[in-house]
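Student: For reference, the structure I am asking about is given below.
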Amino acid sequence: MRICIIPETGIDEHLLLSLEEKLSEIFGKTKIKTDFLIPEAAFNLYRQQFNAETVLKSLPFPNGKECDLVLGITEKDLFVDGLNFVFGIADPLSGRALISIARLKNSFYRLPEDKKLLKIRALKEAVHEIGHLLGLPHCYNKRCVMSFSNSIVDVDRKSLHFCPECQNVINSTI
Ligand SMILES: [Zn+2]
Ligand SMILES: [Zn+2]
């Protein structure tokens, strides 16, 4: 399984390198590719957030030569219709997923910055969305990385790992 990370311009390089390394260990070859620009049309003036689906659709498709899956990373706060915000979304049909680190940063909650914690949170959300790309639904095991996160407390509560049932599905796909 080859994953291409497509970051928004300006995302902290240490964070990207950490994701590249850890995702490689979990899923196989992962590479950071060229940046992408967030389409202006994705910005919702009323909500002061970006439409996650519009941003996702602006990501390149996995080209088959280098990437089987594409993971976009943005610092913009994302929403989908019906939800106040999302940490990320995935479109298994096109093999593209997107995560936002806006609400993974302590500063969003007026707490001191913690780069190590941000790396762990971003990795959890990246693994979660890639899990969706590989066909996994949400999991009821609250420790499983595929459990749904409604808040940063949920993100911190779940582990970095798939539960045994979800891991079985992953093992059969990669
Ligand atoms: Zn999910
Ligand atoms: Zn699970």
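Ligands are numbered from 1 in the order shown, residues from 1 within each chain, and chains are lettered A, B, ... in the order they appear in the structure tokens.
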Taking only C-alpha atoms and all ligand atoms and a cut-off of 9 Å, can you tell me which residues surround ligand 2, written as an mmCIF file with N, CA and C atoms, in the first residue's frame?

Tutor:
```
data_model
loop_
_atom_site.group_PDB
_atom_site.id
_atom_site.type_symbol
_atom_site.label_atom_id
_atom_site.label_comp_id
_atom_site.auth_asym_id
_atom_site.auth_seq_id
_atom_site.Cartn_x
_atom_site.Cartn_y
_atom_site.Cartn_z
ATOM 1 N N LEU A 136 -12.981 0.290 6.238
ATOM 2 C CA LEU A 136 -13.477 0.125 7.607
ATOM 3 C C LEU A 136 -14.537 1.164 7.954
ATOM 4 N N PRO A 137 -15.644 0.728 8.602
ATOM 5 C CA PRO A 137 -16.604 1.685 9.147
ATOM 6 C C PRO A 137 -16.145 2.113 10.546
ATOM 7 N N HIS A 138 -16.966 2.934 11.226
ATOM 8 C CA HIS A 138 -16.626 3.282 12.604
ATOM 9 C C HIS A 138 -16.763 2.051 13.495
ATOM 10 N N CYS A 139 -15.938 2.032 14.546
ATOM 11 C CA CYS A 139 -15.872 0.871 15.438
ATOM 12 C C CYS A 139 -16.407 1.284 16.809
ATOM 13 N N TYR A 140 -17.113 0.363 17.457
ATOM 14 C CA TYR A 140 -17.702 0.682 18.767
ATOM 15 C C TYR A 140 -16.720 0.519 19.912
ATOM 16 N N ASN A 141 -15.576 -0.080 19.625
ATOM 17 C CA ASN A 141 -14.531 -0.203 20.644
ATOM 18 C C ASN A 141 -13.898 1.183 20.843
ATOM 19 N N LYS A 142 -14.111 1.766 22.018
ATOM 20 C CA LYS A 142 -13.687 3.162 22.236
ATOM 21 C C LYS A 142 -12.172 3.351 22.222
ATOM 22 N N ARG A 143 -11.422 2.274 22.354
ATOM 23 C CA ARG A 143 -9.962 2.369 22.295
ATOM 24 C C ARG A 143 -9.457 2.237 20.854
ATOM 25 N N CYS A 144 -10.300 1.707 19.993
ATOM 26 C CA CYS A 144 -9.880 1.452 18.612
ATOM 27 C C CYS A 144 -9.740 2.777 17.861
ATOM 28 N N VAL A 145 -8.729 2.858 17.025
ATOM 29 C CA VAL A 145 -8.485 4.094 16.254
ATOM 30 C C VAL A 145 -9.647 4.386 15.299
ATOM 31 N N MET A 146 -10.477 3.369 14.998
ATOM 32 C CA MET A 146 -11.630 3.583 14.118
ATOM 33 C C MET A 146 -12.878 4.047 14.873
ATOM 34 N N SER A 147 -12.781 4.291 16.183
ATOM 35 C CA SER A 147 -13.946 4.841 16.885
ATOM 36 C C SER A 147 -14.134 6.304 16.457
ATOM 37 N N HIS A 161 -4.047 2.483 17.600
ATOM 38 C CA HIS A 161 -4.078 1.151 16.982
ATOM 39 C C HIS A 161 -5.484 0.696 16.600
ATOM 40 N N PHE A 162 -5.532 -0.211 15.640
ATOM 41 C CA PHE A 162 -6.776 -0.889 15.294
ATOM 42 C C PHE A 162 -7.044 -1.972 16.335
ATOM 43 N N CYS A 163 -8.307 -2.174 16.684
ATOM 44 C CA CYS A 163 -8.661 -3.305 17.546
ATOM 45 C C CYS A 163 -8.439 -4.585 16.722
ATOM 46 N N PRO A 164 -8.443 -5.760 17.345
ATOM 47 C CA PRO A 164 -8.144 -6.996 16.583
ATOM 48 C C PRO A 164 -9.073 -7.208 15.387
ATOM 49 N N GLU A 165 -10.372 -6.891 15.543
ATOM 50 C CA GLU A 165 -11.321 -7.084 14.432
ATOM 51 C C GLU A 165 -10.963 -6.167 13.252
ATOM 52 N N CYS A 166 -10.718 -4.879 13.577
ATOM 53 C CA CYS A 166 -10.376 -3.940 12.493
ATOM 54 C C CYS A 166 -9.019 -4.301 11.884
ATOM 55 N N GLN A 167 -8.102 -4.731 12.721
ATOM 56 C CA GLN A 167 -6.764 -5.102 12.218
ATOM 57 C C GLN A 167 -6.869 -6.259 11.225
#
```

Student: Taking only range 10-169 of chain A into account, list the residues labelled alpha helix (DSSP H) by DSSP (computed from the backbone), as a PyMOL selection string.

Tutor: chain A and resi 13-27+52-57+115-133+152-157+164-169

Student: Do you know which residues are within 7 Å of ligand 1 using only C-alpha atoms and all ligand atoms? Can you write them as an MDAnalysis selection string?

Tutor: chainID A and resid 89 128:129 132 138 146 148

Student: Could you name the residues that touch range 105-110 of chain A at 10 Å or less, counting only C-alpha atoms, but leaving out those on the same chain fewer than 2 positions away, as a CSV table (one decimal) with C-alpha atoms, in the first residue's frame?

Tutor:
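Once written, selection24.csv looks like this:
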```
chain,number,residue,atom,x,y,z
A,75,GLU,CA,-4.6,23.6,8.9
A,100,SER,CA,-7.4,19.0,9.5
A,101,ILE,CA,-5.0,19.8,12.3
A,102,ALA,CA,-6.9,23.0,13.2
A,103,ARG,CA,-8.7,21.4,16.2
A,112,PRO,CA,0.1,25.8,25.6
A,113,GLU,CA,1.4,24.3,22.4
A,114,ASP,CA,2.5,20.6,22.6
A,115,LYS,CA,4.2,19.5,19.4
A,117,LEU,CA,0.9,15.6,21.4
A,118,LEU,CA,-0.1,17.2,18.1
A,119,LYS,CA,2.0,14.6,16.2
A,121,ARG,CA,-3.3,13.3,17.4
A,122,ALA,CA,-2.6,13.9,13.7
A,152,ILE,CA,-10.5,16.3,21.2
```

Student: From the options A:Ile38, A:Leu160, A:Val127, A:Val55, which residue's atoms come nearest to Ser24 in chain A, counting only C-alpha atoms?

Tutor: A:Val127

Student: Find the residue from A:Leu23, A:Leu133, A:Ile174, A:Val153 that sits nearest to Pro62 in chain A; use only C-alpha atoms when measuring.

Tutor: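 Ranked by minimum distance to Pro62 in chain A, first place goes to A:Leu133.
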
Student: Might you pull out every residue within 10 Å of Leu98 in chain A, with only C-alpha atoms counted and same-chain residues fewer than 6 positions away left off, and present them as a CSV table (one decimal) with N, CA and C atoms, in the first residue's frame?

Tutor:
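Output file selection-v1.csv follows:
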```csv
chain,number,residue,atom,x,y,z
A,5,ILE,N,1.2,11.7,0.9
A,5,ILE,CA,0.7,12.8,1.8
A,5,ILE,C,0.8,14.1,0.9
A,6,ILE,N,-0.3,14.8,0.8
A,6,ILE,CA,-0.4,16.0,0.1
A,6,ILE,C,-0.7,17.1,1.1
A,7,PRO,N,0.3,17.9,1.5
A,7,PRO,CA,0.0,18.9,2.6
A,7,PRO,C,-0.3,20.3,2.0
A,52,ALA,N,-15.3,20.7,3.8
A,52,ALA,CA,-14.3,19.6,3.7
A,52,ALA,C,-14.5,18.9,2.4
A,53,GLU,N,-15.7,18.7,1.9
A,53,GLU,CA,-15.9,18.0,0.6
A,53,GLU,C,-15.3,18.7,-0.6
A,55,VAL,N,-12.7,20.8,-0.4
A,55,VAL,CA,-11.3,20.7,-0.3
A,55,VAL,C,-10.8,19.3,-0.7
A,56,LEU,N,-11.5,18.3,-0.3
A,56,LEU,CA,-11.1,16.9,-0.7
A,56,LEU,C,-11.1,16.8,-2.2
A,57,LYS,N,-12.1,17.3,-2.8
A,57,LYS,CA,-12.2,17.2,-4.3
A,57,LYS,C,-11.1,17.9,-5.0
A,59,LEU,N,-8.0,17.7,-4.1
A,59,LEU,CA,-6.8,16.9,-4.0
A,59,LEU,C,-6.6,16.1,-5.3
A,70,VAL,N,-4.4,8.8,-1.4
A,70,VAL,CA,-3.9,10.2,-1.2
A,70,VAL,C,-4.5,10.7,0.2
A,71,LEU,N,-3.6,11.3,1.0
A,71,LEU,CA,-4.0,11.9,2.2
A,71,LEU,C,-3.6,13.3,2.2
A,72,GLY,N,-4.6,14.2,2.2
A,72,GLY,CA,-4.4,15.6,2.3
A,72,GLY,C,-4.4,16.1,3.7
A,73,ILE,N,-3.5,17.1,4.0
A,73,ILE,CA,-3.5,17.6,5.4
A,73,ILE,C,-3.6,19.2,5.3
A,74,THR,N,-4.5,19.7,6.1
A,74,THR,CA,-4.7,21.1,6.1
A,74,THR,C,-4.7,21.7,7.5
A,78,LEU,N,-12.4,22.5,9.2
A,78,LEU,CA,-13.3,21.9,8.2
A,78,LEU,C,-14.7,21.6,8.7
A,87,PHE,N,-12.8,16.4,12.0
A,87,PHE,CA,-11.3,16.3,12.1
A,87,PHE,C,-10.8,15.8,10.7
A,88,GLY,N,-11.7,15.1,10.0
A,88,GLY,CA,-11.2,14.6,8.7
A,88,GLY,C,-12.4,13.9,7.9
A,89,ILE,N,-12.2,13.7,6.6
A,89,ILE,CA,-13.2,12.9,5.9
A,89,ILE,C,-12.4,12.0,4.9
A,90,ALA,N,-13.1,11.0,4.4
A,90,ALA,CA,-12.5,10.1,3.5
A,90,ALA,C,-13.5,9.8,2.4
A,91,ASP,N,-13.0,9.6,1.1
A,91,ASP,CA,-13.8,9.2,0.0
A,91,ASP,C,-13.2,7.9,-0.6
A,125,GLU,N,-5.7,10.6,13.6
A,125,GLU,CA,-6.7,11.0,12.6
A,125,GLU,C,-6.3,10.5,11.2
A,126,ALA,N,-5.0,10.5,10.9
A,126,ALA,CA,-4.6,10.0,9.6
A,126,ALA,C,-4.9,8.5,9.5
A,129,GLU,N,-8.7,7.9,9.0
A,129,GLU,CA,-9.2,8.2,7.6
A,129,GLU,C,-8.7,7.2,6.6
A,130,ILE,N,-7.4,6.8,6.8
A,130,ILE,CA,-6.9,5.7,5.9
A,130,ILE,C,-7.7,4.4,6.1
```
